[in-house]
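Enquirer: My structure is in structure35.txt, and what it holds is compact mmCIF, C-alpha atoms:
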```
# COMPACT_ATOMS: atom_id res chain seq x y z
CA MET S 1 10.57 -50.36 -1.55
CA PRO S 2 7.81 -47.81 -2.32
CA LEU S 3 7.87 -46.87 1.34
CA ARG S 4 11.61 -46.27 1.24
CA ARG S 5 11.29 -44.17 -1.88
CA SER S 6 8.54 -42.14 -0.31
CA PHE S 7 10.61 -41.67 2.81
CA ALA S 8 13.59 -40.54 0.75
CA LEU S 9 11.44 -38.12 -1.21
CA VAL S 10 9.84 -36.62 1.86
CA SER S 11 13.18 -36.38 3.64
CA MET S 12 14.72 -34.66 0.65
CA LEU S 13 11.89 -32.13 0.52
CA ALA S 14 12.21 -31.51 4.24
CA VAL S 15 15.89 -30.68 4.10
CA LEU S 16 15.73 -28.70 0.86
CA GLY S 17 16.39 -25.09 1.65
CA GLY S 18 16.52 -21.94 -0.37
CA CYS S 19 17.57 -18.38 -0.09
CA ALA S 20 16.44 -15.14 -1.64
CA GLN S 21 17.95 -11.74 -2.12
CA TYR S 22 16.53 -8.59 -3.59
CA GLU S 23 17.29 -4.93 -3.99
CA ASN S 24 14.92 -2.08 -4.70
CA LYS S 25 16.00 1.44 -5.60
CA ARG S 26 13.74 4.45 -6.00
CA GLY S 27 14.24 8.19 -6.26
CA VAL S 28 16.76 10.54 -7.77
CA ASP S 29 20.37 9.55 -8.35
CA ILE S 30 22.69 10.53 -5.52
CA THR S 31 24.72 13.50 -6.69
CA TRP S 32 25.19 15.17 -3.30
CA GLN S 33 28.49 13.53 -2.38
CA ASP S 34 30.82 15.41 -0.06
CA ASP S 35 33.09 16.66 -2.84
CA VAL S 36 30.11 18.15 -4.67
CA MET S 37 28.71 19.73 -1.53
CA ALA S 38 32.07 21.32 -0.72
CA GLY S 39 31.40 23.81 -3.48
CA MET S 40 28.10 24.98 -1.98
CA SER S 41 27.73 27.55 0.78
CA ALA S 42 24.87 29.43 2.39
CA GLY S 43 24.61 33.03 1.26
CA GLU S 44 26.39 32.40 -2.04
CA THR S 45 25.03 29.39 -3.86
CA THR S 46 21.82 29.99 -5.79
CA ARG S 47 18.91 27.73 -6.59
CA LYS S 48 20.07 27.64 -10.19
CA ASP S 49 23.48 26.36 -9.05
CA VAL S 50 21.90 23.56 -7.03
CA LEU S 51 19.56 22.54 -9.84
CA THR S 52 22.42 22.57 -12.31
CA VAL S 53 24.53 20.26 -10.16
CA LEU S 54 21.86 17.98 -8.67
CA GLY S 55 19.13 18.07 -11.30
CA PRO S 56 15.38 18.01 -10.66
CA PRO S 57 14.44 17.27 -7.02
CA SER S 58 11.99 14.73 -5.64
CA GLN S 59 9.87 17.47 -4.13
CA VAL S 60 9.59 21.27 -4.17
CA ILE S 61 8.15 23.03 -1.12
CA ALA S 62 7.16 26.68 -0.97
CA LEU S 63 6.64 29.00 2.00
CA ASP S 64 5.66 32.41 0.65
CA ASP S 65 8.76 33.62 -1.21
CA GLU S 66 10.98 30.88 0.19
CA THR S 67 11.46 27.57 -1.52
CA ALA S 68 12.95 24.24 -0.48
CA LEU S 69 14.26 21.50 -2.73
CA TYR S 70 14.13 17.96 -1.33
CA TYR S 71 16.09 15.07 -2.88
CA LEU S 72 15.42 11.46 -1.88
CA TYR S 73 16.97 8.15 -2.89
CA GLU S 74 15.42 5.12 -1.22
CA ARG S 75 17.25 1.79 -1.24
CA SER S 76 15.87 -1.47 0.14
CA GLU S 77 17.91 -4.63 0.46
CA GLY S 78 16.32 -7.92 1.41
CA GLU S 79 17.71 -11.30 2.38
CA GLY S 80 15.63 -14.38 2.92
CA LEU S 81 15.99 -17.93 4.18
CA ILE S 82 13.47 -20.44 2.87
CA LEU S 83 13.30 -23.78 4.66
CA ILE S 84 9.63 -24.50 3.86
CA VAL S 85 8.88 -25.22 7.53
CA TYR S 86 10.48 -21.94 8.59
CA ASN S 87 10.97 -18.97 6.28
CA ARG S 88 12.50 -15.67 7.16
CA MET S 89 12.86 -12.45 5.15
CA ARG S 90 14.58 -9.32 6.40
CA ILE S 91 14.40 -6.04 4.49
CA ASP S 92 16.56 -3.05 5.34
CA THR S 93 15.63 0.32 3.89
CA ARG S 94 17.91 3.34 3.93
CA TYR S 95 17.07 6.88 2.86
CA ASP S 96 19.78 9.01 1.26
CA ARG S 97 18.50 12.57 1.21
CA ALA S 98 19.35 16.23 0.77
CA VAL S 99 17.40 19.40 1.48
CA PHE S 100 18.11 22.98 0.41
CA PHE S 101 16.32 26.17 1.49
CA PHE S 102 16.38 29.37 -0.56
CA ASP S 103 15.30 32.90 0.32
CA GLU S 104 13.20 35.26 -1.79
CA ASN S 105 16.27 36.03 -3.93
CA ASP S 106 16.85 32.33 -4.65
CA VAL S 107 20.00 32.33 -2.52
CA LEU S 108 20.79 29.28 -0.39
CA THR S 109 20.10 29.84 3.32
CA ASP S 110 20.23 26.37 4.92
CA PHE S 111 21.01 22.91 3.65
CA ALA S 112 21.89 19.39 4.77
CA THR S 113 22.73 16.08 3.12
CA LYS S 114 22.99 12.46 4.20
CA THR S 115 24.21 9.39 2.34
CA TYR S 116 24.62 5.88 3.69
CA ALA S 117 27.38 3.49 2.74
CA HIS S 118 26.17 0.20 1.26
CA ASP S 119 26.97 -1.78 4.40
CA GLU S 120 25.33 0.65 6.84
CA MET R 1 13.44 -56.95 12.68
CA ASN R 2 12.06 -56.13 9.25
CA LYS R 3 8.74 -55.24 10.86
CA GLN R 4 10.40 -52.86 13.29
CA LEU R 5 12.24 -51.15 10.47
CA ARG R 6 9.01 -50.63 8.58
CA ARG R 7 7.34 -49.18 11.64
CA ALA R 8 10.24 -46.81 12.24
CA GLY R 9 10.08 -45.76 8.59
CA ARG R 10 6.37 -45.04 8.83
CA VAL R 11 6.89 -42.93 11.96
CA ALA R 12 9.65 -40.97 10.24
CA LEU R 13 7.46 -40.49 7.20
CA LEU R 14 4.61 -39.24 9.36
CA LEU R 15 6.88 -36.80 11.17
CA CYS R 16 8.28 -35.42 7.92
CA ALA R 17 4.83 -35.14 6.40
CA SER R 18 3.60 -33.31 9.49
CA ALA R 19 6.47 -30.90 9.20
CA LEU R 20 5.75 -30.27 5.54
CA VAL R 21 2.11 -29.40 5.98
CA SER R 22 2.88 -26.56 8.36
CA GLY R 23 5.07 -23.53 7.84
CA CYS R 24 6.12 -20.40 9.69
CA THR R 25 7.07 -17.24 7.83
CA VAL R 26 8.61 -14.14 9.40
CA TRP R 27 8.98 -10.84 7.55
CA SER R 28 11.02 -8.12 9.15
CA TYR R 29 11.23 -4.54 7.84
CA ASP R 30 13.88 -2.15 9.10
CA LEU R 31 13.06 1.36 7.87
CA GLY R 32 15.69 3.99 8.52
CA LYS R 33 18.14 4.22 11.38
CA PRO R 34 17.36 4.48 15.12
CA LEU R 35 16.98 8.06 16.30
CA SER R 36 19.04 7.29 19.41
CA GLU R 37 22.05 7.84 17.17
CA LEU R 38 20.99 11.46 16.65
CA ASP R 39 21.69 14.55 18.72
CA VAL R 40 18.06 15.53 19.25
CA PRO R 41 17.51 19.15 20.37
CA ALA R 42 15.64 19.70 23.62
CA ASN R 43 12.18 21.22 23.54
CA HIS R 44 13.25 24.50 25.15
CA GLU R 45 16.47 24.78 23.18
CA GLN R 46 16.99 27.87 21.07
CA ALA R 47 18.50 26.80 17.78
CA GLN R 48 18.55 27.83 14.17
CA MET R 49 17.38 25.50 11.42
CA GLY R 50 20.84 25.36 9.88
CA ASP R 51 22.40 24.18 13.15
CA VAL R 52 19.69 21.57 13.69
CA LEU R 53 20.05 20.23 10.15
CA ALA R 54 23.80 20.01 10.62
CA ARG R 55 23.24 17.88 13.75
CA LEU R 56 20.43 15.66 12.51
CA GLY R 57 20.85 15.62 8.75
CA PRO R 58 17.93 16.17 6.39
CA PRO R 59 14.50 15.16 7.72
CA HIS R 60 12.57 12.23 6.28
CA ARG R 61 9.47 14.38 5.88
CA ILE R 62 9.03 18.13 5.57
CA ALA R 63 6.11 20.46 5.08
CA ALA R 64 5.58 24.21 4.99
CA GLY R 65 2.68 25.76 6.87
CA ASP R 66 1.32 29.18 7.79
CA SER R 67 3.69 29.53 10.74
CA GLY R 68 6.83 27.98 9.28
CA TYR R 69 8.22 24.51 8.65
CA VAL R 70 7.49 21.17 10.26
CA MET R 71 10.02 18.35 9.89
CA ALA R 72 10.03 14.71 10.92
CA TRP R 73 12.70 12.06 11.39
CA GLU R 74 11.50 8.50 11.80
CA TYR R 75 12.59 4.92 12.41
CA TRP R 76 10.33 1.90 12.05
CA LEU R 77 10.84 -1.78 12.78
CA VAL R 78 7.91 -3.84 11.55
CA SER R 79 7.71 -7.61 11.96
CA GLU R 80 5.07 -9.87 10.52
CA THR R 81 4.73 -13.52 11.55
CA SER R 82 2.40 -16.02 9.94
CA VAL R 83 1.87 -19.72 10.50
CA GLY R 84 -0.10 -22.02 8.25
CA PHE R 85 -1.29 -25.59 8.75
CA SER R 86 -3.01 -28.00 6.45
CA LEU R 87 -5.89 -29.78 8.13
CA GLY R 88 -5.25 -32.88 6.04
CA PHE R 89 -4.22 -34.90 9.07
CA MET R 90 -7.79 -34.46 10.33
CA GLY R 91 -9.19 -35.79 7.10
CA ALA R 92 -9.96 -32.35 5.65
CA ASP R 93 -7.45 -32.12 2.81
CA PHE R 94 -9.25 -29.14 1.32
CA LEU R 95 -8.88 -26.90 4.38
CA SER R 96 -5.95 -24.88 5.67
CA MET R 97 -5.64 -22.98 8.91
CA ASP R 98 -3.66 -19.73 9.04
CA TRP R 99 -2.63 -17.45 11.86
CA GLY R 100 -0.80 -14.15 11.64
CA ASP R 101 0.50 -11.44 13.94
CA ALA R 102 2.35 -8.16 13.46
CA ARG R 103 4.34 -5.95 15.79
CA VAL R 104 5.57 -2.47 15.16
CA LYS R 105 8.29 -0.59 16.97
CA GLY R 106 9.18 2.96 16.09
CA GLU R 107 10.63 6.33 16.95
CA TYR R 108 9.43 9.68 15.63
CA LEU R 109 10.96 13.10 16.06
CA LEU R 110 8.90 16.12 15.12
CA LEU R 111 10.45 19.59 14.99
CA THR R 112 8.75 22.85 14.09
CA PHE R 113 10.45 26.05 12.98
CA ASP R 114 9.02 29.53 12.65
CA ARG R 115 9.35 31.75 9.58
CA GLU R 116 12.69 33.03 10.88
CA HIS R 117 13.99 29.43 10.90
CA GLU R 118 14.14 29.28 14.70
CA LEU R 119 13.29 26.06 16.50
CA VAL R 120 9.88 26.33 18.12
CA SER R 121 9.22 22.82 19.42
CA SER R 122 10.78 19.38 19.62
CA THR R 123 8.78 16.24 20.30
CA VAL R 124 9.95 12.63 20.37
CA SER R 125 7.66 9.63 20.58
CA GLU R 126 8.49 5.94 20.81
CA TRP R 127 6.24 2.91 20.62
CA ASP R 128 6.35 -0.87 20.62
CA ASN R 129 2.88 -2.15 19.86
CA ASP R 130 0.87 -5.04 18.55
CA ALA R 131 -0.11 -4.03 15.01
CA GLY R 132 -2.87 -6.57 14.59
CA GLY R 133 -3.28 -10.04 13.25
CA GLY R 134 -5.85 -12.69 12.64
CA GLY R 135 -6.70 -16.29 11.96
CA ALA R 136 -8.55 -18.14 9.24
CA ILE R 137 -9.67 -21.54 8.07
CA GLN R 138 -9.71 -21.42 4.30
CA PRO R 139 -10.40 -23.86 1.46
CA LEU R 140 -7.45 -25.19 -0.55
CA PHE R 141 -5.29 -22.08 -0.49
CA GLY R 142 -4.85 -19.01 1.70
CA PHE R 143 -7.09 -16.65 -0.24
CA VAL R 144 -7.27 -14.07 2.53
CA SER R 145 -4.20 -12.55 4.13
CA VAL R 146 -4.60 -12.66 7.90
CA VAL R 147 -2.00 -9.98 8.58
CA ASP R 148 -1.21 -6.88 6.54
CA VAL R 149 1.47 -4.24 7.12
CA ASP R 150 1.63 -2.74 3.62
CA ASP R 151 0.52 0.69 4.83
CA LEU R 152 3.42 0.74 7.31
CA THR R 153 6.10 -0.28 4.83
CA GLU R 154 5.13 1.74 1.78
CA ARG R 155 7.61 3.99 -0.02
CA MET R 156 8.11 7.59 0.99
CA PRO R 157 5.54 10.06 -0.40
CA GLN R 158 8.19 12.29 -2.02
CA HIS R 159 8.36 9.79 -4.89
CA ARG R 160 4.73 10.57 -5.72
CA TRP R 161 5.01 14.35 -5.46
CA GLY R 162 5.18 15.13 -9.19
CA ALA R 163 2.62 12.55 -10.20
CA ALA R 164 0.14 13.98 -7.70
CA ALA R 165 -0.47 16.95 -10.01
CA LEU R 166 -1.75 14.55 -12.66
CA LYS R 167 -4.32 12.86 -10.48
CA PRO R 168 -7.96 13.03 -11.55
CA LEU R 169 -10.34 15.47 -9.93
CA PRO R 170 -11.14 16.02 -7.12
CA LYS R 171 -7.83 14.60 -5.84
CA ALA R 172 -5.71 17.05 -7.84
CA ILE R 173 -7.48 20.14 -6.53
CA ASN R 174 -7.13 18.81 -2.99
CA ASN R 175 -3.35 18.53 -3.31
CA PRO R 176 -2.69 21.60 -1.11
CA SER R 177 -4.44 19.75 1.72
CA ASN R 178 -2.65 16.46 1.14
CA PRO R 179 -0.29 15.77 4.06
CA ASP R 180 2.04 13.81 1.76
CA LEU R 181 2.88 16.68 -0.58
CA GLY R 182 4.75 19.15 1.59
CA GLN R 183 2.18 21.96 1.86
CA GLY R 184 -0.51 20.44 4.06
CA GLY R 185 1.25 19.19 7.18
CA LEU R 186 2.69 15.75 7.84
CA GLN R 187 1.31 12.36 8.64
CA GLN R 188 2.89 9.20 9.97
CA ARG R 189 2.89 5.85 8.25
CA GLY R 190 -0.30 3.90 8.70
CA THR R 191 -2.50 6.93 9.30
CA PRO R 192 -6.10 6.03 8.35
CA THR R 193 -7.27 7.90 5.26
CA GLY R 194 -10.97 7.84 6.08
CA THR R 195 -10.78 10.87 8.34
CA GLY R 196 -9.11 14.27 8.28
CA GLN R 197 -7.79 16.01 5.21
CA GLN R 198 -7.91 12.97 2.95
CA SER R 199 -11.59 12.41 3.61
CA LEU R 200 -12.17 15.31 1.19
CA GLU R 201 -11.67 12.79 -1.59
```
Turn the structure described in the file into structure tokens.
Expert:
Amino acid sequence: MPLRRSFALVSMLAVLGGCAQYENKRGVDITWQDDVMAGMSAGETTRKDVLTVLGPPSQVIALDDETALYYLYERSEGEGLILIVYNRMRIDTRYDRAVFFFDENDVLTDFATKTYAHDE
Amino acid sequence: MNKQLRRAGRVALLLCASALVSGCTVWSYDLGKPLSELDVPANHEQAQMGDVLARLGPPHRIAAGDSGYVMAWEYWLVSETSVGFSLGFMGADFLSMDWGDARVKGEYLLLTFDREHELVSSTVSEWDNDAGGGGAIQPLFGFVSVVDVDDLTERMPQHRWGAAALKPLPKAINNPSNPDLGQGGLQQRGTPTGTGQQSLE
């Protein structure tokens, strides 16, 4: 009987499986959706306009009188399979980002944005 | 009959126990999206920064330099495999044997622009390499990690940009030379910090 119990216990442990899921978000909130960006145009929008709409950036870069504002939102999603004998964890990281360049008069010269859907 | 059943039970128990004392773990990190999906400008192509950004989207890394801007787009696929065995079946219950291996696959696009925002150069590199590994026989638990990819999977440096100004000296005064802060060039993930600009600290 002890042998059978031990066998049952070991068998149960062997077939016990688990799963794990996690999400990690870092950076500034995404406020550069298409409808927001539709109101911005090179040669007209100013740095003040961008900061008012998007808030403080992740990074400010300067080249003489030019400045660039860089916004970054980093999202990692992980899924794991835990079978004790074999365990697997996969983590997908996506970077939603926006960059804006301004001339010496603080007027927007170039810009680009990118956001990923949750399932991308 | 009863004897045969017992023997079969013992064999099954041994097999299950053997399975339990060993384990394989695979970590896979997918950072970004493959660059093959992008419309990468050719090296000799004459293009304005605005047009390039419209085609590629914002870069993952950007820095300003004396001659203009340098921008990088990147994609990394890092996989880490580790296997551990207990040496209990050899009579050494207090020892475990571990083995680990890592592979890294990536794509990196580096563009430079002059002060007039014109494309100066375009360089793409791809790699699929062994990123190291190791083995160990350790007492009781795995105290030492035999494979480490933390420097390849760390968060983007833009998150640390503001905090960098609050670092203690001499790190704070070396910020203009730091390749992570947007004014001192760029560096890829996993670049050793013992040489180059960061060796100032």
Enquirer: Could you jot down the CA of Val147 in chain R to CA of Leu77 in chain R separation for me, Å, one decimal place?
Expert: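 Interatomic distance here is 15.8 Å.
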Enquirer: For chain R versus chain S, which residues have an atom no more than 6 Å away, and what is each residue's nearest atom pair and distance in Å rounded to one decimal, using only C-alpha atoms, chain-then-number order, as a Markdown table?
Expert:
```
| residue | atom | partner | partner_atom | distance |
| --- | --- | --- | --- | --- |
| R:Leu13 | CA | S:Phe7 | CA | 5.5 |
| R:Gly23 | CA | S:Val85 | CA | 4.2 |
| R:Cys24 | CA | S:Tyr86 | CA | 4.8 |
| R:Thr25 | CA | S:Asn87 | CA | 4.5 |
| R:Val26 | CA | S:Arg88 | CA | 4.7 |
| R:Trp27 | CA | S:Met89 | CA | 4.8 |
| R:Ser28 | CA | S:Arg90 | CA | 4.7 |
| R:Tyr29 | CA | S:Ile91 | CA | 4.8 |
| R:Asp30 | CA | S:Asp92 | CA | 4.7 |
| R:Leu31 | CA | S:Thr93 | CA | 4.9 |
| R:Gly32 | CA | S:Arg94 | CA | 5.1 |
| R:Gly50 | CA | S:Asp110 | CA | 5.1 |
| R:Leu53 | CA | S:Ala112 | CA | 5.7 |
| R:Gly57 | CA | S:Ala112 | CA | 5.6 |
| R:Pro58 | CA | S:Ala112 | CA | 5.4 |
| R:Ala64 | CA | S:Leu63 | CA | 5.7 |
| R:Gln158 | CA | S:Ser58 | CA | 5.8 |
| R:Trp161 | CA | S:Gln59 | CA | 5.9 |
| R:Gly182 | CA | S:Ile61 | CA | 5.8 |
```
Enquirer: Assuming 8 Å of padding per side, give the centre and edge lengths of the axis-aligned box around every listed atom of range 42-61 of chain S, in Å to one decimal and as AutoDock Vina command-line options.
Expert:
```
--center_x 17.3 --center_y 23.9 --center_z -5.0 --size_x 34.2 --size_y 34.3 --size_z 30.7
```
Enquirer: Env of Leu109 in chain R: 12 Å cut, atoms = only C-alpha atoms, seq-sep filter 2 positions within chain, self excluded. Answer as a PyMOL selection string.
Expert: chain R and resi 34-36+38-43+56+59-62+70-76+106-107+111-112+121-126+186+188
Enquirer: Between CA of Leu119 in chain R and CA of Ser41 in chain S, what is the spacing in Å?
Expert: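 Here the two named atoms are 21.4 Å from each other.
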Enquirer: Need the shell around Asn105 in chain S: protein/DNA/RNA residues with any atom at most 10 Å away, counting only C-alpha atoms. Skip same-chain ones fewer than 4 positions apart. Format as a list in words?
Expert: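 The filter keeps Thr46, Arg47, Asp65 and Glu66 of chain S.
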Enquirer: What is the distance, in Å and to one decimal place, between CA of Tyr108 in chain R and CA of Trp127 in chain R?
Expert: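 Straight-line distance from CA of Tyr108 in chain R to CA of Trp127 in chain R works out to 9.0 Å.
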Enquirer: Within 10 Å of Asp150 in chain R, counting only C-alpha atoms, which residues show up once you throw out same-chain ones fewer than 4 positions away? Write them as a VMD selection string, please.
Expert: chain R and resid 154 to 155 189 to 190
Enquirer: Choose the residue, out of R:Gly100, R:Ser79, R:Met49, R:Gly194, that has the smallest atom-to-atom separation from Ala136 in chain R; count all atoms listed in the file.
Expert: R:Gly100
